[in-house]
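Here is the file model.cif (mmCIF, C-alpha atoms).
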data_target
loop_
_atom_site.label_atom_id
_atom_site.label_comp_id
_atom_site.auth_asym_id
_atom_site.auth_seq_id
_atom_site.Cartn_x
_atom_site.Cartn_y
_atom_site.Cartn_z
CA MET A 1 -15.76 -13.69 -1.94
CA THR A 2 -16.82 -10.06 -2.29
CA VAL A 3 -15.08 -9.11 0.98
CA THR A 4 -11.98 -10.71 2.48
CA LEU A 5 -9.97 -10.42 5.69
CA GLU A 6 -6.19 -10.84 5.63
CA VAL A 7 -3.95 -10.35 8.66
CA THR A 8 -0.29 -9.24 8.67
CA ASP A 9 1.71 -7.72 11.51
CA GLY A 10 -1.36 -7.47 13.71
CA VAL A 11 -3.31 -5.56 11.06
CA GLY A 12 -6.45 -7.03 9.56
CA THR A 13 -7.23 -5.70 6.09
CA ILE A 14 -10.92 -5.88 5.23
CA ARG A 15 -10.81 -5.72 1.44
CA LEU A 16 -13.81 -5.05 -0.79
CA ASP A 17 -13.45 -7.04 -4.00
CA ARG A 18 -16.50 -6.77 -6.23
CA PRO A 19 -15.32 -5.37 -9.59
CA PRO A 20 -15.63 -3.04 -11.24
CA MET A 21 -16.87 -0.52 -8.64
CA ASN A 22 -17.26 -2.51 -5.40
CA ALA A 23 -21.03 -1.92 -5.43
CA LEU A 24 -22.39 -2.86 -2.02
CA ASP A 25 -25.09 -5.41 -2.75
CA VAL A 26 -26.86 -7.42 -0.05
CA ALA A 27 -24.34 -10.26 -0.14
CA THR A 28 -21.45 -7.81 0.22
CA GLN A 29 -23.14 -6.03 3.11
CA ASP A 30 -23.70 -9.30 4.96
CA ARG A 31 -20.14 -10.46 4.35
CA LEU A 32 -18.84 -7.11 5.59
CA ARG A 33 -20.71 -7.58 8.84
CA GLU A 34 -19.39 -11.13 9.27
CA LEU A 35 -15.79 -10.05 8.78
CA ALA A 36 -16.13 -6.99 10.99
CA GLU A 37 -17.38 -9.26 13.77
CA GLU A 38 -14.53 -11.71 13.09
CA ALA A 39 -11.96 -8.92 13.24
CA SER A 40 -13.49 -7.78 16.52
CA ARG A 41 -13.10 -11.27 18.03
CA ARG A 42 -9.66 -12.24 16.80
CA ASP A 43 -6.73 -11.62 19.14
CA ASP A 44 -4.27 -11.51 16.25
CA VAL A 45 -6.13 -8.52 14.78
CA ARG A 46 -5.12 -5.45 16.76
CA ALA A 47 -5.99 -2.79 14.17
CA VAL A 48 -7.96 -2.76 10.91
CA VAL A 49 -7.66 -1.24 7.43
CA LEU A 50 -10.72 -0.84 5.20
CA TYR A 51 -9.65 -0.97 1.56
CA GLY A 52 -11.32 -1.22 -1.81
CA GLY A 53 -8.26 -1.62 -3.99
CA GLU A 54 -6.08 0.68 -6.05
CA LYS A 55 -8.82 2.17 -8.24
CA VAL A 56 -11.99 2.53 -6.19
CA PHE A 57 -13.07 2.32 -2.56
CA ALA A 58 -16.79 1.71 -3.15
CA ALA A 59 -19.08 3.58 -5.54
CA GLY A 60 -22.22 2.94 -3.51
CA ALA A 61 -25.08 0.47 -3.32
CA ASP A 62 -26.07 -1.90 -6.10
CA ILE A 63 -28.74 0.31 -7.67
CA LYS A 64 -30.17 -2.41 -9.90
CA GLU A 65 -30.69 -4.63 -6.86
CA MET A 66 -32.27 -1.78 -4.90
CA GLN A 67 -34.54 -0.82 -7.79
CA ALA A 68 -36.19 -4.24 -7.57
CA MET A 69 -37.10 -3.71 -3.90
CA ASP A 70 -40.42 -2.25 -2.88
CA HIS A 71 -41.27 -0.53 0.38
CA ALA A 72 -42.00 -3.77 2.25
CA ALA A 73 -38.71 -5.31 1.13
CA MET A 74 -36.69 -2.29 2.24
CA VAL A 75 -38.45 -2.12 5.58
CA LEU A 76 -37.12 -5.63 6.17
CA ARG A 77 -33.67 -4.94 4.71
CA SER A 78 -32.79 -1.48 6.03
CA LYS A 79 -31.99 -2.66 9.57
CA ALA A 80 -29.61 -5.34 8.24
CA LEU A 81 -28.00 -2.70 6.02
CA GLN A 82 -27.33 -0.42 8.97
CA ASP A 83 -26.22 -3.34 11.14
CA SER A 84 -23.50 -4.21 8.62
CA PHE A 85 -22.00 -0.74 8.83
CA THR A 86 -22.50 -0.49 12.58
CA ALA A 87 -20.51 -3.72 12.98
CA VAL A 88 -17.59 -1.94 11.32
CA ALA A 89 -18.02 1.20 13.43
CA ARG A 90 -18.04 -0.91 16.59
CA ILE A 91 -14.86 -2.86 15.94
CA PRO A 92 -13.19 -2.26 19.32
CA LYS A 93 -9.81 -1.58 17.73
CA PRO A 94 -8.32 1.28 15.69
CA VAL A 95 -9.78 1.32 12.16
CA VAL A 96 -8.47 3.33 9.22
CA ALA A 97 -10.15 3.66 5.82
CA ALA A 98 -7.76 3.68 2.85
CA VAL A 99 -9.78 5.58 0.24
CA THR A 100 -8.90 5.59 -3.44
CA GLY A 101 -11.13 6.75 -6.28
CA TYR A 102 -14.85 6.89 -5.62
CA ALA A 103 -16.29 6.61 -2.12
CA LEU A 104 -19.91 7.49 -2.82
CA GLY A 105 -23.17 6.71 -1.07
CA GLY A 106 -22.62 3.51 0.87
CA GLY A 107 -18.91 3.77 0.12
CA CYS A 108 -18.72 7.14 1.84
CA GLU A 109 -20.83 5.79 4.69
CA LEU A 110 -18.40 2.89 5.10
CA ALA A 111 -15.46 5.28 5.29
CA LEU A 112 -17.34 7.22 7.97
CA CYS A 113 -17.32 4.09 10.14
CA ALA A 114 -13.52 4.27 10.47
CA ASP A 115 -11.63 6.17 13.17
CA PHE A 116 -9.29 7.77 10.62
CA ARG A 117 -9.45 8.25 6.86
CA ILE A 118 -6.47 8.41 4.51
CA ALA A 119 -7.49 9.44 1.00
CA GLY A 120 -5.64 9.30 -2.26
CA ASP A 121 -5.33 12.48 -4.29
CA ASN A 122 -7.71 10.84 -6.77
CA ALA A 123 -10.47 10.31 -4.20
CA ARG A 124 -14.01 11.56 -4.70
CA LEU A 125 -16.44 11.39 -1.80
CA GLY A 126 -20.13 12.18 -1.52
CA GLN A 127 -23.67 11.18 -0.60
CA PRO A 128 -25.56 11.30 -3.92
CA GLU A 129 -28.68 9.45 -2.74
CA ILE A 130 -30.80 12.60 -3.17
CA LEU A 131 -30.31 12.25 -6.93
CA LEU A 132 -32.22 8.94 -6.69
CA GLY A 133 -35.03 10.49 -4.68
CA LEU A 134 -33.61 9.01 -1.47
CA ILE A 135 -31.52 9.91 1.55
CA PRO A 136 -28.49 8.04 2.91
CA GLY A 137 -29.65 4.89 4.69
CA ALA A 138 -26.47 3.31 6.10
CA GLY A 139 -25.64 5.99 8.66
CA GLY A 140 -24.78 8.92 6.40
CA THR A 141 -27.21 11.41 7.89
CA GLN A 142 -25.91 10.62 11.38
CA ARG A 143 -22.17 9.90 11.11
CA LEU A 144 -21.48 12.58 8.51
CA ALA A 145 -23.15 15.31 10.58
CA ARG A 146 -21.25 14.23 13.67
CA LEU A 147 -17.96 14.29 11.78
CA VAL A 148 -18.14 17.51 9.76
CA GLY A 149 -21.04 19.35 11.39
CA PRO A 150 -24.67 19.66 10.30
CA ALA A 151 -24.25 22.48 7.77
CA LYS A 152 -21.51 20.75 5.75
CA ALA A 153 -23.35 17.44 6.00
CA LYS A 154 -26.55 19.01 4.69
CA ASP A 155 -24.65 20.58 1.82
CA LEU A 156 -23.42 17.18 0.66
CA ILE A 157 -26.69 15.36 1.36
CA PHE A 158 -29.01 18.02 -0.10
CA THR A 159 -27.01 18.51 -3.32
CA GLY A 160 -25.61 15.03 -3.81
CA ARG A 161 -22.38 16.60 -5.03
CA HIS A 162 -18.98 14.90 -4.96
CA VAL A 163 -16.00 16.51 -3.25
CA LYS A 164 -12.41 16.02 -4.30
CA ALA A 165 -9.78 14.92 -1.81
CA GLU A 166 -8.50 18.39 -0.90
CA GLU A 167 -11.99 19.75 -0.19
CA ALA A 168 -12.75 16.63 1.81
CA LEU A 169 -9.60 17.31 3.85
CA THR A 170 -10.55 20.95 4.40
CA MET A 171 -14.03 20.07 5.67
CA GLY A 172 -12.73 17.25 7.90
CA LEU A 173 -14.27 14.42 5.92
CA VAL A 174 -10.81 12.84 5.51
CA ASP A 175 -7.76 13.23 7.73
CA ARG A 176 -4.86 12.92 5.30
CA VAL A 177 -4.38 13.14 1.54
CA VAL A 178 -1.50 11.26 -0.09
CA PRO A 179 -0.59 10.14 -3.61
CA ALA A 180 -3.07 7.46 -4.68
CA ALA A 181 -0.33 4.85 -5.04
CA GLU A 182 0.63 5.30 -1.37
CA VAL A 183 -2.81 5.10 0.23
CA TYR A 184 -2.76 1.47 1.35
CA GLU A 185 0.90 1.57 2.42
CA GLN A 186 0.33 4.61 4.62
CA ALA A 187 -2.94 3.25 6.03
CA HIS A 188 -1.28 -0.06 6.89
CA ALA A 189 1.65 1.75 8.50
CA TRP A 190 -0.71 3.84 10.64
CA ALA A 191 -2.59 0.72 11.74
CA ALA A 192 0.59 -1.31 12.31
CA GLY A 193 1.98 1.36 14.61
CA LEU A 194 -1.15 1.24 16.76
CA ALA A 195 -1.22 -2.56 16.64
CA LYS A 196 1.92 -2.50 18.80
CA GLY A 197 0.16 -0.46 21.46
CA PRO A 198 -1.82 -1.52 24.56
CA ALA A 199 -4.91 -3.23 23.17
CA LEU A 200 -7.15 -2.68 26.18
CA ALA A 201 -6.24 0.98 26.52
CA LEU A 202 -6.88 1.56 22.83
CA ARG A 203 -10.23 -0.16 23.13
CA ALA A 204 -11.07 1.96 26.17
CA ALA A 205 -10.04 5.15 24.40
CA LYS A 206 -12.20 4.37 21.37
CA GLU A 207 -15.24 3.48 23.42
CA ALA A 208 -14.87 6.50 25.70
CA VAL A 209 -14.68 8.91 22.77
CA ASP A 210 -17.44 7.28 20.73
CA ALA A 211 -19.84 6.75 23.63
CA GLY A 212 -19.11 10.20 25.02
CA LEU A 213 -20.12 11.85 21.77
CA GLU A 214 -23.58 10.33 22.10
CA THR A 215 -24.32 11.75 25.53
CA ASP A 216 -23.93 14.77 27.81
CA ILE A 217 -20.57 15.83 29.27
CA ASP A 218 -21.24 14.49 32.78
CA THR A 219 -22.15 11.04 31.49
CA GLY A 220 -19.15 11.16 29.18
CA LEU A 221 -16.85 11.93 32.08
CA THR A 222 -18.34 8.99 34.00
CA ILE A 223 -17.58 6.71 31.05
CA GLU A 224 -14.03 8.08 30.93
CA ARG A 225 -13.22 7.65 34.59
CA THR A 226 -14.71 4.16 34.67
CA TRP A 227 -12.41 3.04 31.86
CA PHE A 228 -9.47 5.01 33.31
CA ALA A 229 -9.73 3.35 36.70
CA GLY A 230 -10.40 -0.05 35.19
CA LEU A 231 -7.15 0.02 33.21
CA PHE A 232 -5.24 0.07 36.50
CA ALA A 233 -6.11 -3.63 36.74
CA THR A 234 -4.33 -4.50 33.49
CA GLU A 235 -0.88 -5.88 32.78
CA ASP A 236 -0.43 -3.28 30.04
CA ARG A 237 -0.77 -0.48 32.60
CA GLU A 238 1.83 -2.14 34.83
CA ARG A 239 4.17 -2.67 31.88
CA GLY A 240 3.73 0.87 30.59
CA MET A 241 4.33 2.59 33.91
CA ARG A 242 7.25 0.35 34.83
CA SER A 243 8.91 1.08 31.51
CA PHE A 244 8.35 4.81 31.96
CA VAL A 245 9.97 4.81 35.40
CA GLU A 246 12.89 2.54 34.46
CA GLU A 247 13.57 3.51 30.83
CA GLY A 248 11.81 6.80 30.13
CA PRO A 249 8.74 7.64 28.08
CA GLY A 250 7.67 5.89 24.90
CA LYS A 251 9.76 2.72 25.24
CA ALA A 252 7.21 0.23 26.59
CA LYS A 253 6.58 -2.92 24.60
CA PHE A 254 3.08 -4.32 24.92
CA LEU A 255 2.02 -7.92 24.34
#

Represent the structure contained in this file as structure tokens.
Amino acid sequence: MTVTLEVTDGVGTIRLDRPPMNALDVATQDRLRELAEEASRRDDVRAVVLYGGEKVFAAGADIKEMQAMDHAAMVLRSKALQDSFTAVARIPKPVVAAVTGYALGGGCELALCADFRIAGDNARLGQPEILLGLIPGAGGTQRLARLVGPAKAKDLIFTGRHVKAEEALTMGLVDRVVPAAEVYEQAHAWAAGLAKGPALALRAAKEAVDAGLETDIDTGLTIERTWFAGLFATEDRERGMRSFVEEGPGKAKFL
């Protein structure tokens, strides 16, 4: 399999495994969507890590496969391509990308689908599609601009240049830089900590933030208060508040 899902301690690791560079061909894209949807459904998966291995996250699309496609073929394929990445972005649980080595083109776009990005000090990120006479097609023009702002996004997209880990951190493209050998360990630890939290509240928080970014402030506040009030019907809310009153803050254990 080019993509696998393994679960430990409530954390589902979606692992790209298509040596040597984890090129995202059609089969890999479709498998990614299937496993993202599986991770979304499974109760034993409470948080997710996206990982490409110790040497590379994903160096982009399979260019040889794309070269063989004409306009008609890509018209048919482009929606499925975006749907694969959107399935990852819509996992209703915390998702962290563990980025080592190259995360270029589709690889960078995949990392953008996560809620948090931990990069190794050997990471290189970018959207080099312009060098092929193209633009990003798996969400890069949209998610990158929303994450780092339009000017920085245009810089990367217009030039196709790669950025090293520290520059990516400075511009907000990644959230933490660690030694490359520690990337997966730290990503798993981040996810495992959240996996112990209240699943419904985490889901509500993610949806409120993500949906709110796509609309005006008044609609965003409506989304927030709807989720906020709805959580008062959950066992997790009862457990959390009872623990706070009886034991003090931060000691609740959620099922």

*Would you kindly translate the PyMOL selection byres ((chain A and resi 226-242) around 10) into the concrete residues it picks from this file, as a ChimeraX atom specification?*
/A:197-201,203-205,207-208,220-225,243-255

*Report the residues retrieved by the PyMOL selection byres ((chain A and resi 152-165) around 10) from the displayed file, expressed as a VMD selection string.*
chain A and resid 99 to 105 118 to 132 134 to 136 140 to 151 166 to 178

*Using the chain letters and numbering of this document, enumerate as an MDAnalysis selection string the residues selected by the PyMOL selection byres ((chain A and resi 94-98) around 9).*
chainID A and resid 46:53 57 88:89 91:93 99:100 110:120 183:188 190:191 194:195 202:203 206

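Compared by their closest atoms to Ala58 of chain A, and using all atoms listed in the file, the residues A:Asp44, A:Asp210, A:Asp25, A:Asp30 rank with A:Asp25 nearest.
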
*Pick out the closest residue to Gly193 of chain A from this set: A:Gly133, A:Gly10, A:Gly139, A:Pro20. Count all atoms listed in the file.*
A:Gly10

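Note that the spacing between atom CA of Arg15 of chain A and atom CA of Lys79 of chain A amounts to 22.9 Å.
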
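Pairwise distance (atom CA of Thr13 of chain A, atom CA of Gly106 of chain A) equals 18.7 Å.
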
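Taking atom CA of Gln82 of chain A and atom CA of Val56 of chain A as the two end points, the separation is 21.8 Å.
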
_Polymer residues at most 12 Å from Met1 of chain A, all atoms listed in the file, same-chain spacing of 4 or more positions, as a ChimeraX atom specification_ = /A:5,14-19,22,27-32,35

Can you fill out segment 90-101 of chain A with all heavy atoms and hand it back as a PDB file, in the coordinates of the input?
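selection-v2.pdb written:
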ATOM      1  N   ARG A  90     -18.214  -0.433  15.214  1.00  0.00           N
ATOM      2  CA  ARG A  90     -18.040  -0.910  16.590  1.00  0.00           C
ATOM      3  C   ARG A  90     -16.893  -1.900  16.754  1.00  0.00           C
ATOM      4  O   ARG A  90     -16.763  -2.516  17.813  1.00  0.00           O
ATOM      5  CB  ARG A  90     -19.358  -1.537  17.072  1.00  0.00           C
ATOM      6  CG  ARG A  90     -20.440  -0.487  17.287  1.00  0.00           C
ATOM      7  CD  ARG A  90     -21.724  -1.076  17.829  1.00  0.00           C
ATOM      8  NE  ARG A  90     -22.720  -0.029  18.056  1.00  0.00           N
ATOM      9  CZ  ARG A  90     -23.994  -0.247  18.350  1.00  0.00           C
ATOM     10  NH1 ARG A  90     -24.431  -1.500  18.478  1.00  0.00           N
ATOM     11  NH2 ARG A  90     -24.834   0.752  18.538  1.00  0.00           N
ATOM     12  N   ILE A  91     -16.081  -2.073  15.736  1.00  0.00           N
ATOM     13  CA  ILE A  91     -14.860  -2.860  15.940  1.00  0.00           C
ATOM     14  C   ILE A  91     -14.078  -2.201  17.065  1.00  0.00           C
ATOM     15  O   ILE A  91     -13.727  -1.019  16.977  1.00  0.00           O
ATOM     16  CB  ILE A  91     -14.018  -2.903  14.640  1.00  0.00           C
ATOM     17  CG1 ILE A  91     -14.763  -3.688  13.547  1.00  0.00           C
ATOM     18  CG2 ILE A  91     -12.647  -3.537  14.910  1.00  0.00           C
ATOM     19  CD1 ILE A  91     -14.086  -3.635  12.186  1.00  0.00           C
ATOM     20  N   PRO A  92     -13.784  -2.903  18.143  1.00  0.00           N
ATOM     21  CA  PRO A  92     -13.190  -2.260  19.320  1.00  0.00           C
ATOM     22  C   PRO A  92     -11.669  -2.093  19.212  1.00  0.00           C
ATOM     23  O   PRO A  92     -10.942  -2.274  20.190  1.00  0.00           O
ATOM     24  CB  PRO A  92     -13.577  -3.226  20.442  1.00  0.00           C
ATOM     25  CG  PRO A  92     -13.587  -4.562  19.782  1.00  0.00           C
ATOM     26  CD  PRO A  92     -14.114  -4.322  18.384  1.00  0.00           C
ATOM     27  N   LYS A  93     -11.224  -1.740  18.038  1.00  0.00           N
ATOM     28  CA  LYS A  93      -9.810  -1.580  17.730  1.00  0.00           C
ATOM     29  C   LYS A  93      -9.667  -0.417  16.768  1.00  0.00           C
ATOM     30  O   LYS A  93     -10.638  -0.026  16.123  1.00  0.00           O
ATOM     31  CB  LYS A  93      -9.271  -2.874  17.084  1.00  0.00           C
ATOM     32  CG  LYS A  93      -9.480  -4.108  17.973  1.00  0.00           C
ATOM     33  CD  LYS A  93      -9.338  -5.415  17.232  1.00  0.00           C
ATOM     34  CE  LYS A  93      -9.720  -6.566  18.160  1.00  0.00           C
ATOM     35  NZ  LYS A  93      -9.568  -7.887  17.534  1.00  0.00           N
ATOM     36  N   PRO A  94      -8.481   0.172  16.644  1.00  0.00           N
ATOM     37  CA  PRO A  94      -8.320   1.280  15.690  1.00  0.00           C
ATOM     38  C   PRO A  94      -8.624   0.814  14.264  1.00  0.00           C
ATOM     39  O   PRO A  94      -8.177  -0.248  13.835  1.00  0.00           O
ATOM     40  CB  PRO A  94      -6.847   1.661  15.845  1.00  0.00           C
ATOM     41  CG  PRO A  94      -6.465   1.192  17.213  1.00  0.00           C
ATOM     42  CD  PRO A  94      -7.252  -0.071  17.421  1.00  0.00           C
ATOM     43  N   VAL A  95      -9.397   1.630  13.537  1.00  0.00           N
ATOM     44  CA  VAL A  95      -9.780   1.320  12.160  1.00  0.00           C
ATOM     45  C   VAL A  95      -9.468   2.520  11.280  1.00  0.00           C
ATOM     46  O   VAL A  95      -9.861   3.651  11.597  1.00  0.00           O
ATOM     47  CB  VAL A  95     -11.286   0.988  12.061  1.00  0.00           C
ATOM     48  CG1 VAL A  95     -11.679   0.710  10.606  1.00  0.00           C
ATOM     49  CG2 VAL A  95     -11.638  -0.210  12.943  1.00  0.00           C
ATOM     50  N   VAL A  96      -8.770   2.280  10.181  1.00  0.00           N
ATOM     51  CA  VAL A  96      -8.470   3.330   9.220  1.00  0.00           C
ATOM     52  C   VAL A  96      -9.021   2.938   7.864  1.00  0.00           C
ATOM     53  O   VAL A  96      -8.895   1.789   7.444  1.00  0.00           O
ATOM     54  CB  VAL A  96      -6.947   3.607   9.137  1.00  0.00           C
ATOM     55  CG1 VAL A  96      -6.163   2.369   8.778  1.00  0.00           C
ATOM     56  CG2 VAL A  96      -6.654   4.728   8.143  1.00  0.00           C
ATOM     57  N   ALA A  97      -9.664   3.882   7.183  1.00  0.00           N
ATOM     58  CA  ALA A  97     -10.150   3.660   5.820  1.00  0.00           C
ATOM     59  C   ALA A  97      -9.085   4.172   4.852  1.00  0.00           C
ATOM     60  O   ALA A  97      -8.615   5.304   4.974  1.00  0.00           O
ATOM     61  CB  ALA A  97     -11.467   4.387   5.594  1.00  0.00           C
ATOM     62  N   ALA A  98      -8.706   3.324   3.901  1.00  0.00           N
ATOM     63  CA  ALA A  98      -7.760   3.680   2.850  1.00  0.00           C
ATOM     64  C   ALA A  98      -8.582   3.931   1.587  1.00  0.00           C
ATOM     65  O   ALA A  98      -9.036   2.991   0.938  1.00  0.00           O
ATOM     66  CB  ALA A  98      -6.750   2.555   2.630  1.00  0.00           C
ATOM     67  N   VAL A  99      -8.804   5.197   1.259  1.00  0.00           N
ATOM     68  CA  VAL A  99      -9.780   5.580   0.240  1.00  0.00           C
ATOM     69  C   VAL A  99      -9.100   5.983  -1.056  1.00  0.00           C
ATOM     70  O   VAL A  99      -8.348   6.963  -1.095  1.00  0.00           O
ATOM     71  CB  VAL A  99     -10.663   6.737   0.740  1.00  0.00           C
ATOM     72  CG1 VAL A  99     -11.688   7.116  -0.322  1.00  0.00           C
ATOM     73  CG2 VAL A  99     -11.359   6.365   2.054  1.00  0.00           C
ATOM     74  N   THR A 100      -9.360   5.224  -2.107  1.00  0.00           N
ATOM     75  CA  THR A 100      -8.900   5.590  -3.440  1.00  0.00           C
ATOM     76  C   THR A 100     -10.125   5.721  -4.347  1.00  0.00           C
ATOM     77  O   THR A 100     -11.117   5.025  -4.177  1.00  0.00           O
ATOM     78  CB  THR A 100      -7.976   4.511  -4.028  1.00  0.00           C
ATOM     79  OG1 THR A 100      -8.659   3.244  -4.005  1.00  0.00           O
ATOM     80  CG2 THR A 100      -6.691   4.401  -3.234  1.00  0.00           C
ATOM     81  N   GLY A 101     -10.046   6.613  -5.319  1.00  0.00           N
ATOM     82  CA  GLY A 101     -11.130   6.750  -6.280  1.00  0.00           C
ATOM     83  C   GLY A 101     -12.442   7.116  -5.604  1.00  0.00           C
ATOM     84  O   GLY A 101     -12.493   7.896  -4.648  1.00  0.00           O
TER      85      GLY A 101
END
